[in-house]
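Dumped target18.pdb below, it's PDB, C-alpha atoms:
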ATOM      1  CA  LEU A   1      73.299   3.226  93.914
ATOM      2  CA  GLU A   2      76.415   2.251  92.004
ATOM      3  CA  ALA A   3      74.431   2.402  88.734
ATOM      4  CA  VAL A   4      72.963   5.902  89.276
ATOM      5  CA  GLY A   5      74.118   8.298  86.582
ATOM      6  CA  ARG A   6      75.759   5.600  84.485
ATOM      7  CA  PRO A   7      74.553   4.569  80.978
ATOM      8  CA  VAL A   8      72.291   1.489  80.728
ATOM      9  CA  ALA A   9      74.689   0.173  78.098
ATOM     10  CA  MET A  10      76.928  -1.047  80.924
ATOM     11  CA  LEU A  11      74.415  -3.881  81.447
ATOM     12  CA  LEU A  12      74.670  -5.059  77.846
ATOM     13  CA  PRO A  13      77.020  -7.721  76.499
ATOM     14  CA  GLU A  14      78.970  -6.315  73.578
ATOM     15  CA  ARG A  15      77.170  -8.589  71.063
ATOM     16  CA  LEU A  16      73.754  -7.112  72.001
ATOM     17  CA  LYS A  17      74.497  -3.393  71.901
ATOM     18  CA  ALA A  18      73.489  -2.915  68.254
ATOM     19  CA  GLU A  19      70.270  -4.907  68.834
ATOM     20  CA  GLU A  20      69.432  -2.776  71.894
ATOM     21  CA  ALA A  21      69.924   0.412  69.885
ATOM     22  CA  ARG A  22      67.464  -0.863  67.236
ATOM     23  CA  ASN A  23      64.905  -1.791  69.896
ATOM     24  CA  THR A  24      65.157   1.627  71.531
ATOM     25  CA  ALA A  25      64.684   3.312  68.157
ATOM     26  CA  GLN A  26      61.533   1.239  67.572
ATOM     27  CA  VAL A  27      60.058   2.275  70.913
ATOM     28  CA  LEU A  28      60.924   5.951  70.339
ATOM     29  CA  ALA A  29      59.043   5.610  67.041
ATOM     30  CA  GLY A  30      55.931   4.628  68.997
ATOM     31  CA  GLU A  31      56.137   0.794  68.996
ATOM     32  CA  ARG A  32      55.968  -1.448  72.063
ATOM     33  CA  ILE A  33      58.156  -4.519  72.607
ATOM     34  CA  VAL A  34      56.594  -7.155  74.864
ATOM     35  CA  GLY A  35      58.257 -10.171  76.468
ATOM     36  CA  GLU A  36      61.504 -10.176  74.512
ATOM     37  CA  HIS A  37      63.870 -12.835  75.857
ATOM     38  CA  THR A  38      67.422 -11.559  76.168
ATOM     39  CA  VAL A  39      70.336 -11.358  78.618
ATOM     40  CA  ARG A  40      71.985  -8.640  80.700
ATOM     41  CA  LEU A  41      75.174  -8.496  82.750
ATOM     42  CA  ARG A  42      75.430  -8.797  86.511
ATOM     43  CA  LYS A  43      77.917  -6.790  88.514
ATOM     44  CA  ASP A  44      80.390  -9.690  88.390
ATOM     45  CA  GLY A  45      80.125  -9.896  84.579
ATOM     46  CA  THR A  46      78.036 -13.070  84.407
ATOM     47  CA  GLU A  47      74.868 -13.084  82.322
ATOM     48  CA  ILE A  48      71.288 -13.305  83.576
ATOM     49  CA  GLU A  49      68.315 -14.286  81.398
ATOM     50  CA  LEU A  50      65.511 -11.733  81.305
ATOM     51  CA  SER A  51      62.113 -11.128  79.708
ATOM     52  CA  ILE A  52      61.955  -7.431  78.793
ATOM     53  CA  THR A  53      58.999  -5.215  77.926
ATOM     54  CA  LYS A  54      59.704  -1.741  76.506
ATOM     55  CA  SER A  55      57.064   0.986  76.173
ATOM     56  CA  PRO A  56      57.206   4.621  75.045
ATOM     57  CA  ILE A  57      56.721   7.323  77.701
ATOM     58  CA  ARG A  58      54.609  10.204  76.424
ATOM     59  CA  GLY A  59      54.487  13.759  77.702
ATOM     60  CA  ALA A  60      51.481  15.996  78.294
ATOM     61  CA  PHE A  61      50.914  16.584  74.552
ATOM     62  CA  GLY A  62      51.469  12.978  73.479
ATOM     63  CA  ARG A  63      55.063  13.483  72.424
ATOM     64  CA  ILE A  64      57.413  10.589  73.273
ATOM     65  CA  ILE A  65      59.873  11.789  75.863
ATOM     66  CA  GLY A  66      61.439   8.536  77.010
ATOM     67  CA  VAL A  67      61.416   4.721  77.192
ATOM     68  CA  SER A  68      60.063   2.572  80.049
ATOM     69  CA  THR A  69      61.719  -0.819  80.516
ATOM     70  CA  ILE A  70      60.408  -3.625  82.719
ATOM     71  CA  ALA A  71      62.717  -6.619  83.118
ATOM     72  CA  ARG A  72      61.739  -9.930  84.664
ATOM     73  CA  ASP A  73      64.274 -12.575  85.696
ATOM     74  CA  VAL A  74      63.406 -15.786  83.799
ATOM     75  CA  SER A  75      66.695 -17.617  84.276
ATOM     76  CA  ARG A  76      65.184 -20.152  86.689
ATOM     77  CA  THR A  77      62.148 -20.715  84.474
ATOM     78  CA  ASN A  78      64.326 -21.193  81.406
ATOM     79  CA  GLN A  79      66.600 -23.577  83.297
ATOM     80  CA  LEU A  80      63.613 -25.676  84.383
ATOM     81  CA  HIS A  81      62.363 -25.677  80.789
ATOM     82  CA  ARG A  82      65.742 -26.921  79.543
ATOM     83  CA  GLU A  83      65.817 -29.617  82.214
ATOM     84  CA  LEU A  84      62.300 -30.761  81.315
ATOM     85  CA  LEU A  85      63.212 -30.832  77.637
ATOM     86  CA  ALA A  86      66.354 -32.854  78.377
ATOM     87  CA  ALA A  87      64.348 -35.271  80.542
ATOM     88  CA  LYS A  88      61.734 -35.623  77.787
ATOM     89  CA  GLN A  89      64.399 -36.363  75.196
ATOM     90  CA  ALA A  90      66.088 -38.880  77.524
ATOM     91  CA  THR A  91      62.738 -40.584  78.159
ATOM     92  CA  GLU A  92      61.974 -40.791  74.440
ATOM     93  CA  ALA A  93      65.420 -42.266  73.776
ATOM     94  CA  ALA A  94      64.965 -44.796  76.595
ATOM     95  CA  ASN A  95      61.540 -45.763  75.255
ATOM     96  CA  LYS A  96      62.985 -46.330  71.795
ATOM     97  CA  GLU A  97      65.754 -48.477  73.254
ATOM     98  CA  LEU A  98      63.227 -50.430  75.335
ATOM     99  CA  GLU A  99      61.021 -51.086  72.321
ATOM    100  CA  ALA A 100      64.013 -52.168  70.208
ATOM    101  CA  PHE A 101      65.252 -54.445  73.003
ATOM    102  CA  SER A 102      61.774 -55.904  73.584
ATOM    103  CA  SER A 103      61.289 -56.592  69.878
ATOM    104  CA  SER A 104      64.685 -58.310  69.696
ATOM    105  CA  VAL A 105      64.002 -60.447  72.776
ATOM    106  CA  ALA A 106      60.507 -61.302  71.520
ATOM    107  CA  HIS A 107      61.903 -62.449  68.182
ATOM    108  CA  ASP A 108      64.546 -64.611  69.874
ATOM    109  CA  LEU A 109      62.042 -66.185  72.274
ATOM    110  CA  ARG A 110      59.312 -66.988  69.759
ATOM    111  CA  ALA A 111      61.466 -69.400  67.724
ATOM    112  CA  PRO A 112      62.016 -71.970  70.530
ATOM    113  CA  LEU A 113      58.413 -71.490  71.650
ATOM    114  CA  ARG A 114      57.167 -72.434  68.190
ATOM    115  CA  SER A 115      59.351 -75.532  68.313
ATOM    116  CA  ILE A 116      58.070 -76.523  71.769
ATOM    117  CA  ASP A 117      54.454 -76.044  70.723
ATOM    118  CA  GLY A 118      54.882 -77.654  67.294
ATOM    119  CA  PHE A 119      56.668 -80.773  68.490
ATOM    120  CA  SER A 120      54.281 -81.157  71.429
ATOM    121  CA  LEU A 121      51.339 -81.056  69.024
ATOM    122  CA  ALA A 122      53.058 -83.518  66.662
ATOM    123  CA  LEU A 123      53.705 -85.872  69.586
ATOM    124  CA  LEU A 124      50.059 -85.717  70.641
ATOM    125  CA  GLU A 125      48.762 -86.281  67.124
ATOM    126  CA  ASP A 126      51.228 -89.008  66.080
ATOM    127  CA  HIS A 127      51.826 -90.837  69.336
ATOM    128  CA  GLY A 128      48.912 -89.777  71.531
ATOM    129  CA  PRO A 129      47.187 -93.188  71.442
ATOM    130  CA  SER A 130      50.325 -94.897  72.764
ATOM    131  CA  LEU A 131      50.499 -92.541  75.747
ATOM    132  CA  ASN A 132      48.413 -92.941  78.866
ATOM    133  CA  GLU A 133      46.029 -90.210  80.015
ATOM    134  CA  GLU A 134      48.594 -88.724  82.370
ATOM    135  CA  GLY A 135      51.191 -88.442  79.588
ATOM    136  CA  ARG A 136      48.742 -86.742  77.254
ATOM    137  CA  GLN A 137      47.785 -84.318  80.039
ATOM    138  CA  TYR A 138      51.434 -83.442  80.647
ATOM    139  CA  LEU A 139      51.899 -82.645  76.966
ATOM    140  CA  GLN A 140      48.799 -80.487  77.067
ATOM    141  CA  TYR A 141      50.312 -78.604  80.001
ATOM    142  CA  VAL A 142      53.451 -78.011  77.928
ATOM    143  CA  ARG A 143      51.384 -76.564  75.075
ATOM    144  CA  GLU A 144      49.373 -74.357  77.419
ATOM    145  CA  SER A 145      52.587 -73.040  78.993
ATOM    146  CA  ALA A 146      54.018 -72.258  75.562
ATOM    147  CA  GLU A 147      50.832 -70.373  74.700
ATOM    148  CA  LEU A 148      51.025 -68.426  77.981
ATOM    149  CA  MET A 149      54.660 -67.538  77.305
ATOM    150  CA  ASN A 150      53.710 -66.278  73.860
ATOM    151  CA  GLN A 151      51.028 -64.077  75.433
ATOM    152  CA  LEU A 152      53.553 -62.733  77.939
ATOM    153  CA  ILE A 153      55.833 -61.776  75.049
ATOM    154  CA  ASP A 154      52.947 -59.890  73.429
ATOM    155  CA  ASP A 155      52.282 -58.118  76.738
ATOM    156  CA  VAL A 156      55.930 -57.037  77.051
ATOM    157  CA  LEU A 157      55.825 -55.589  73.528
ATOM    158  CA  ALA A 158      52.573 -53.770  74.299
ATOM    159  CA  LEU A 159      54.068 -52.364  77.517
ATOM    160  CA  SER A 160      57.150 -51.092  75.687
ATOM    161  CA  ARG A 161      54.932 -49.087  73.320
ATOM    162  CA  LEU A 162      52.641 -47.538  75.932
ATOM    163  CA  GLY A 163      55.006 -44.726  76.883
ATOM    164  CA  ARG A 164      55.271 -43.544  73.261
ATOM    165  CA  ASP A 165      51.572 -43.212  72.539
ATOM    166  CA  ALA A 166      49.574 -40.132  73.465
ATOM    167  CA  MET A 167      46.654 -40.686  75.824
ATOM    168  CA  ILE A 168      43.193 -39.927  74.476
ATOM    169  CA  VAL A 169      40.940 -39.134  77.436
ATOM    170  CA  GLU A 170      37.252 -39.653  76.756
ATOM    171  CA  PRO A 171      34.132 -40.964  78.567
ATOM    172  CA  VAL A 172      34.330 -44.772  78.882
ATOM    173  CA  ASP A 173      31.533 -47.180  79.835
ATOM    174  CA  LEU A 174      33.473 -49.580  82.074
ATOM    175  CA  SER A 175      30.435 -51.833  82.510
ATOM    176  CA  ASP A 176      30.243 -52.415  78.766
ATOM    177  CA  LEU A 177      34.026 -52.817  78.506
ATOM    178  CA  ALA A 178      34.141 -55.401  81.320
ATOM    179  CA  ARG A 179      31.157 -57.276  79.853
ATOM    180  CA  HIS A 180      32.817 -57.516  76.447
ATOM    181  CA  ILE A 181      36.085 -58.824  77.939
ATOM    182  CA  CYS A 182      34.295 -61.326  80.215
ATOM    183  CA  ASN A 183      32.240 -62.711  77.319
ATOM    184  CA  ARG A 184      35.385 -63.289  75.297
ATOM    185  CA  ILE A 185      37.259 -64.980  78.163
ATOM    186  CA  GLN A 186      34.246 -67.141  79.091
ATOM    187  CA  GLY A 187      33.905 -68.242  75.482
ATOM    188  CA  GLU A 188      37.446 -69.643  75.594
ATOM    189  CA  SER A 189      36.913 -71.584  78.846
ATOM    190  CA  SER A 190      35.011 -74.766  79.679
ATOM    191  CA  THR A 191      34.569 -73.608  83.298
ATOM    192  CA  ARG A 192      31.290 -71.870  84.113
ATOM    193  CA  TYR A 193      31.607 -68.682  86.122
ATOM    194  CA  LEU A 194      29.101 -66.460  87.901
ATOM    195  CA  VAL A 195      29.957 -62.986  86.612
ATOM    196  CA  CYS A 196      28.354 -59.915  88.225
ATOM    197  CA  ILE A 197      29.013 -56.567  86.553
ATOM    198  CA  GLN A 198      27.530 -53.435  88.094
ATOM    199  CA  GLU A 199      25.702 -51.248  85.604
ATOM    200  CA  GLY A 200      26.536 -47.592  85.063
ATOM    201  CA  LEU A 201      30.279 -47.757  85.706
ATOM    202  CA  LEU A 202      31.446 -44.601  83.935
ATOM    203  CA  ALA A 203      34.889 -42.967  83.915
ATOM    204  CA  ASP A 204      37.054 -40.621  81.872
ATOM    205  CA  GLY A 205      40.176 -42.272  80.517
ATOM    206  CA  ASP A 206      42.077 -43.757  77.595
ATOM    207  CA  LEU A 207      39.962 -46.622  76.235
ATOM    208  CA  ARG A 208      42.941 -48.567  74.886
ATOM    209  CA  MET A 209      44.872 -48.463  78.156
ATOM    210  CA  LEU A 210      41.770 -49.219  80.223
ATOM    211  CA  SER A 211      41.145 -52.225  77.963
ATOM    212  CA  ILE A 212      44.655 -53.503  78.690
ATOM    213  CA  ALA A 213      44.184 -52.994  82.442
ATOM    214  CA  PHE A 214      40.779 -54.722  82.562
ATOM    215  CA  THR A 215      41.935 -57.551  80.290
ATOM    216  CA  ASN A 216      44.772 -58.330  82.690
ATOM    217  CA  LEU A 217      42.680 -57.916  85.848
ATOM    218  CA  LEU A 218      39.805 -60.018  84.555
ATOM    219  CA  GLY A 219      42.131 -62.557  82.960
ATOM    220  CA  ASN A 220      43.774 -63.121  86.343
ATOM    221  CA  ALA A 221      40.382 -63.283  88.069
ATOM    222  CA  PHE A 222      39.209 -66.025  85.711
ATOM    223  CA  LYS A 223      42.495 -67.911  85.900
ATOM    224  CA  PHE A 224      42.883 -67.928  89.677
ATOM    225  CA  SER A 225      39.254 -68.741  90.464
ATOM    226  CA  ALA A 226      38.947 -71.599  87.959
ATOM    227  CA  LYS A 227      39.721 -74.301  90.553
ATOM    228  CA  VAL A 228      37.062 -73.382  93.147
ATOM    229  CA  ASP A 229      33.661 -75.110  93.202
ATOM    230  CA  GLN A 230      31.579 -72.048  92.301
ATOM    231  CA  PRO A 231      33.849 -69.413  90.745
ATOM    232  CA  ARG A 232      32.478 -65.897  91.086
ATOM    233  CA  ILE A 233      33.806 -62.681  89.541
ATOM    234  CA  GLU A 234      32.524 -59.222  90.377
ATOM    235  CA  VAL A 235      33.169 -55.824  88.765
ATOM    236  CA  GLY A 236      31.878 -52.705  90.514
ATOM    237  CA  GLN A 237      32.675 -49.466  92.259
ATOM    238  CA  GLU A 238      32.861 -48.181  95.817
ATOM    239  CA  VAL A 239      33.647 -44.895  97.552
ATOM    240  CA  VAL A 240      36.999 -44.852  99.379
ATOM    241  CA  ASN A 241      38.009 -41.705 101.297
ATOM    242  CA  GLY A 242      35.469 -39.681  99.357
ATOM    243  CA  GLU A 243      36.687 -40.867  95.942
ATOM    244  CA  THR A 244      35.079 -43.402  93.612
ATOM    245  CA  SER A 245      37.178 -46.538  93.105
ATOM    246  CA  PHE A 246      36.536 -49.341  90.614
ATOM    247  CA  PHE A 247      37.337 -52.953  91.496
ATOM    248  CA  VAL A 248      37.579 -56.488  90.132
ATOM    249  CA  LYS A 249      36.969 -59.212  92.722
ATOM    250  CA  ASP A 250      37.049 -63.011  92.586
ATOM    251  CA  ASN A 251      36.753 -65.854  95.076
ATOM    252  CA  GLY A 252      39.868 -67.637  93.837
ATOM    253  CA  ALA A 253      43.223 -68.379  95.400
ATOM    254  CA  GLY A 254      44.059 -64.814  96.393
ATOM    255  CA  PHE A 255      47.404 -63.897  97.959
ATOM    256  CA  ASP A 256      48.904 -63.019 101.315
ATOM    257  CA  MET A 257      48.282 -59.273 101.899
ATOM    258  CA  ASN A 258      51.635 -59.072 103.688
ATOM    259  CA  TYR A 259      53.223 -59.256 100.223
ATOM    260  CA  SER A 260      50.903 -56.756  98.502
ATOM    261  CA  LYS A 261      53.600 -54.065  98.262
ATOM    262  CA  LYS A 262      55.964 -56.485  96.544
ATOM    263  CA  LEU A 263      53.269 -57.616  94.139
ATOM    264  CA  PHE A 264      52.085 -54.149  93.108
ATOM    265  CA  GLY A 265      55.190 -52.046  93.736
ATOM    266  CA  LEU A 266      56.188 -52.332  90.067
ATOM    267  CA  PHE A 267      52.983 -50.564  89.016
TER     268      PHE A 267
END
Spit out the file's structure as structure tokens when you get a sec.
Amino acid sequence: LEAVGRPVAMLLPERLKAEEARNTAQVLAGERIVGEHTVRLRKDGTEIELSITKSPIRGAFGRIIGVSTIARDVSRTNQLHRELLAAKQATEAANKELEAFSSSVAHDLRAPLRSIDGFSLALLEDHGPSLNEEGRQYLQYVRESAELMNQLIDDVLALSRLGRDAMIVEPVDLSDLARHICNRIQGESSTRYLVCIQEGLLADGDLRMLSIAFTNLLGNAFKFSAKVDQPRIEVGQEVVNGETSFFVKDNGAGFDMNYSKKLFGLF
């Protein structure tokens, strides 16, 4: 009621009055302005963000006799957009820092690893015959641990880059993917495994990221079942609570389910 009879210009910040006059002239000339983002003044003098649509009002004979204005409050939407943009920028900056840190750490760790592996190999080649079987086995363990550490470094670098790459979702044949990974791992091992892969495992996802997930899952399955008499690895799917779930199973060491949240909480 306080605004009745007063000019609409009272709602305009001083800097926008000339722009408003131009917009009104455009509408009176027959144009329509849709979704223009601007600001208006509240009663207390603070500004509110609005999306404004202006249309000409025509009389009985088509002559323009006025201007219709519809204003929608978009201050909350714009604020959320700014917050999302700030969060996105902060995430990108954090990812860059993580990748830089990971690359630096990887570089620093690889040098002593190369020394450990190189000198262990030299010791085996030059002095292996003078060592007993147990000594040679210990050195082999050292070399295998150095190789595992090198792989862990590669995994950390790969993880640091994941957040910066766009996902490409496409149909993926998980049966074929698992078979390819299992064949490669089996070819590197002297242990014989019984591997059962269900046919027709299909999903939509990013092939590169699914490859990383299955490589780690299957790698662990092979590693932790290697010591049993008849190691068996199974890849398949099942329906859980009405949704299809894919799984990798093995008959290896396993773990205490009481600690499952600690093991998988990171992921």
List, as an NGL selection string, every residue that the PyMOL selection byres ((chain A and resi 67-72) around 9) selects in the file provided.
:A and (24 or 27-28 or 35 or 49-58 or 64-66 or 73-74)
When you look at Phe222 (chain A) with a cut-off of 10 Å (counting all atoms listed in the file), what residues show up, excluding the ones that are within fewer than 6 positions of it in the same chain? I need them as a PyMOL selection string.
chain A and resi 182+185-186+189+191-193+195+216+231-233+250-252
If you measure from CA of Val156 (chain A) to CA of His107 (chain A), what distance in Å do you get, rounded to one decimal?
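Pair CA of Val156 (chain A) / CA of His107 (chain A) returns 12.0 Å.
Proximity to Val228 (chain A) was assessed for A:Met209, A:Val248, A:Leu194, A:Ala253 counting all atoms listed in the file; the smallest distance is recorded for A:Ala253.
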Evaluated on this file, the PyMOL selection byres ((chain A and resi 7-20) around 9) picks out some residues - which ones are they, written as a ChimeraX atom specification?
/A:3-6,21-25,38-43,45,47
Can you work out which one of A:Asp256, A:Leu157, A:Val240, A:His127 has the shortest atom-to-atom distance to Asn95 (chain A), counting only C-alpha atoms?
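So, comparing all the options, the nearest one is A:Leu157.
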Identify all residues satisfying the PyMOL selection byres ((chain A and resi 144-146) around 10) in the given file; provide them as a PDB file with C-alpha atoms, in the coordinates of the input.
ATOM      1  CA  ARG A 110      59.312 -66.988  69.759  1.00  0.00           C
ATOM      2  CA  PRO A 112      62.016 -71.970  70.530  1.00  0.00           C
ATOM      3  CA  LEU A 113      58.413 -71.490  71.650  1.00  0.00           C
ATOM      4  CA  ARG A 114      57.167 -72.434  68.190  1.00  0.00           C
ATOM      5  CA  SER A 115      59.351 -75.532  68.313  1.00  0.00           C
ATOM      6  CA  ILE A 116      58.070 -76.523  71.769  1.00  0.00           C
ATOM      7  CA  ASP A 117      54.454 -76.044  70.723  1.00  0.00           C
ATOM      8  CA  GLY A 118      54.882 -77.654  67.294  1.00  0.00           C
ATOM      9  CA  SER A 120      54.281 -81.157  71.429  1.00  0.00           C
ATOM     10  CA  TYR A 138      51.434 -83.442  80.647  1.00  0.00           C
ATOM     11  CA  LEU A 139      51.899 -82.645  76.966  1.00  0.00           C
ATOM     12  CA  GLN A 140      48.799 -80.487  77.067  1.00  0.00           C
ATOM     13  CA  TYR A 141      50.312 -78.604  80.001  1.00  0.00           C
ATOM     14  CA  VAL A 142      53.451 -78.011  77.928  1.00  0.00           C
ATOM     15  CA  ARG A 143      51.384 -76.564  75.075  1.00  0.00           C
ATOM     16  CA  GLU A 147      50.832 -70.373  74.700  1.00  0.00           C
ATOM     17  CA  LEU A 148      51.025 -68.426  77.981  1.00  0.00           C
ATOM     18  CA  MET A 149      54.660 -67.538  77.305  1.00  0.00           C
ATOM     19  CA  ASN A 150      53.710 -66.278  73.860  1.00  0.00           C
ATOM     20  CA  GLN A 151      51.028 -64.077  75.433  1.00  0.00           C
ATOM     21  CA  LEU A 152      53.553 -62.733  77.939  1.00  0.00           C
TER      22      LEU A 152
END
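Separating CA of Ala111 (chain A) from CA of Asp126 (chain A) is a distance of 22.2 Å.
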How far is it from CA of Phe255 (chain A) to CA of Gly236 (chain A), in Å with one decimal?
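Between CA of Phe255 (chain A) and CA of Gly236 (chain A) the gap works out to 20.5 Å.
Contact shell of Val235 (chain A) at 8 Å (only C-alpha atoms; same-chain neighbours under 3 positions omitted): A:Ser175, A:Ala178, A:Cys196, A:Ile197, A:Gln198, A:Phe246, A:Phe247, A:Val248, A:Lys249.
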Might I get the box with edges along x, y and z of the file that holds all atoms of region 171-183 of chain A listed there, padded by 6 Å on every side, given as centre and edge lengths in Å to one decimal, as JSON?
{"center_x": 33.2, "center_y": -51.8, "center_z": 79.5, "size_x": 17.8, "size_y": 33.7, "size_z": 18.1}
Near Leu174 (chain A), within 10 Å and counting all atoms listed in the file, which residues show up once chain neighbours fewer than 2 positions away are dropped, as a list in words?
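The neighbour list is Pro171, Val172, Asp176, Leu177, Ala178, Arg179, His180, Ile197, Gln198, Glu199, Gly200, Leu201, Leu202, Ala203, Asp204, Leu207, Leu210, Ser211, Phe214, Val235, Gly236 and Phe246 of chain A.
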Please fill the gaps in region 175-183 of chain A so it has all heavy atoms, and write that as a PDB file, keeping the file's coordinate frame.
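Written file, selection.pdb:
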ATOM      1  N   SER A 175      31.322 -50.669  82.427  1.00  0.00           N
ATOM      2  CA  SER A 175      30.435 -51.833  82.510  1.00  0.00           C
ATOM      3  C   SER A 175      30.423 -52.575  81.173  1.00  0.00           C
ATOM      4  O   SER A 175      30.558 -53.798  81.111  1.00  0.00           O
ATOM      5  CB  SER A 175      29.011 -51.399  82.874  1.00  0.00           C
ATOM      6  OG  SER A 175      28.983 -50.763  84.125  1.00  0.00           O
ATOM      7  N   ASP A 176      30.269 -51.819  80.095  1.00  0.00           N
ATOM      8  CA  ASP A 176      30.243 -52.415  78.766  1.00  0.00           C
ATOM      9  C   ASP A 176      31.598 -53.017  78.417  1.00  0.00           C
ATOM     10  O   ASP A 176      31.684 -54.103  77.827  1.00  0.00           O
ATOM     11  CB  ASP A 176      29.841 -51.356  77.742  1.00  0.00           C
ATOM     12  CG  ASP A 176      29.667 -51.936  76.354  1.00  0.00           C
ATOM     13  OD1 ASP A 176      28.772 -52.785  76.174  1.00  0.00           O
ATOM     14  OD2 ASP A 176      30.426 -51.550  75.440  1.00  0.00           O
ATOM     15  N   LEU A 177      32.677 -52.315  78.776  1.00  0.00           N
ATOM     16  CA  LEU A 177      34.026 -52.817  78.506  1.00  0.00           C
ATOM     17  C   LEU A 177      34.272 -54.135  79.232  1.00  0.00           C
ATOM     18  O   LEU A 177      34.754 -55.114  78.637  1.00  0.00           O
ATOM     19  CB  LEU A 177      35.048 -51.766  78.948  1.00  0.00           C
ATOM     20  CG  LEU A 177      36.529 -52.162  78.831  1.00  0.00           C
ATOM     21  CD1 LEU A 177      36.905 -52.411  77.386  1.00  0.00           C
ATOM     22  CD2 LEU A 177      37.421 -51.070  79.435  1.00  0.00           C
ATOM     23  N   ALA A 178      33.933 -54.183  80.527  1.00  0.00           N
ATOM     24  CA  ALA A 178      34.141 -55.401  81.320  1.00  0.00           C
ATOM     25  C   ALA A 178      33.286 -56.550  80.787  1.00  0.00           C
ATOM     26  O   ALA A 178      33.741 -57.695  80.717  1.00  0.00           O
ATOM     27  CB  ALA A 178      33.804 -55.129  82.783  1.00  0.00           C
ATOM     28  N   ARG A 179      32.048 -56.239  80.378  1.00  0.00           N
ATOM     29  CA  ARG A 179      31.157 -57.276  79.853  1.00  0.00           C
ATOM     30  C   ARG A 179      31.718 -57.898  78.570  1.00  0.00           C
ATOM     31  O   ARG A 179      31.711 -59.110  78.382  1.00  0.00           O
ATOM     32  CB  ARG A 179      29.772 -56.684  79.586  1.00  0.00           C
ATOM     33  CG  ARG A 179      28.695 -57.710  79.281  1.00  0.00           C
ATOM     34  CD  ARG A 179      27.339 -57.046  79.106  1.00  0.00           C
ATOM     35  NE  ARG A 179      26.944 -56.315  80.301  1.00  0.00           N
ATOM     36  CZ  ARG A 179      26.942 -54.980  80.397  1.00  0.00           C
ATOM     37  NH1 ARG A 179      27.294 -54.231  79.373  1.00  0.00           N
ATOM     38  NH2 ARG A 179      26.572 -54.396  81.523  1.00  0.00           N
ATOM     39  N   HIS A 180      32.237 -57.046  77.712  1.00  0.00           N
ATOM     40  CA  HIS A 180      32.817 -57.516  76.447  1.00  0.00           C
ATOM     41  C   HIS A 180      34.016 -58.431  76.711  1.00  0.00           C
ATOM     42  O   HIS A 180      34.146 -59.503  76.096  1.00  0.00           O
ATOM     43  CB  HIS A 180      33.238 -56.313  75.603  1.00  0.00           C
ATOM     44  CG  HIS A 180      33.959 -56.681  74.349  1.00  0.00           C
ATOM     45  ND1 HIS A 180      33.308 -57.159  73.233  1.00  0.00           N
ATOM     46  CD2 HIS A 180      35.291 -56.646  74.027  1.00  0.00           C
ATOM     47  CE1 HIS A 180      34.193 -57.410  72.272  1.00  0.00           C
ATOM     48  NE2 HIS A 180      35.398 -57.114  72.732  1.00  0.00           N
ATOM     49  N   ILE A 181      34.894 -58.021  77.630  1.00  0.00           N
ATOM     50  CA  ILE A 181      36.085 -58.824  77.939  1.00  0.00           C
ATOM     51  C   ILE A 181      35.695 -60.142  78.596  1.00  0.00           C
ATOM     52  O   ILE A 181      36.227 -61.212  78.261  1.00  0.00           O
ATOM     53  CB  ILE A 181      37.038 -58.017  78.842  1.00  0.00           C
ATOM     54  CG1 ILE A 181      37.582 -56.795  78.087  1.00  0.00           C
ATOM     55  CG2 ILE A 181      38.196 -58.888  79.324  1.00  0.00           C
ATOM     56  CD1 ILE A 181      38.357 -55.831  78.960  1.00  0.00           C
ATOM     57  N   CYS A 182      34.736 -60.103  79.530  1.00  0.00           N
ATOM     58  CA  CYS A 182      34.295 -61.326  80.215  1.00  0.00           C
ATOM     59  C   CYS A 182      33.668 -62.312  79.232  1.00  0.00           C
ATOM     60  O   CYS A 182      33.907 -63.529  79.319  1.00  0.00           O
ATOM     61  CB  CYS A 182      33.308 -60.980  81.321  1.00  0.00           C
ATOM     62  SG  CYS A 182      34.059 -60.183  82.772  1.00  0.00           S
ATOM     63  N   ASN A 183      32.862 -61.823  78.308  1.00  0.00           N
ATOM     64  CA  ASN A 183      32.240 -62.711  77.319  1.00  0.00           C
ATOM     65  C   ASN A 183      33.295 -63.414  76.478  1.00  0.00           C
ATOM     66  O   ASN A 183      33.162 -64.607  76.166  1.00  0.00           O
ATOM     67  CB  ASN A 183      31.295 -61.915  76.419  1.00  0.00           C
ATOM     68  CG  ASN A 183      30.033 -61.475  77.140  1.00  0.00           C
ATOM     69  OD1 ASN A 183      29.680 -62.039  78.180  1.00  0.00           O
ATOM     70  ND2 ASN A 183      29.356 -60.476  76.614  1.00  0.00           N
TER      71      ASN A 183
END
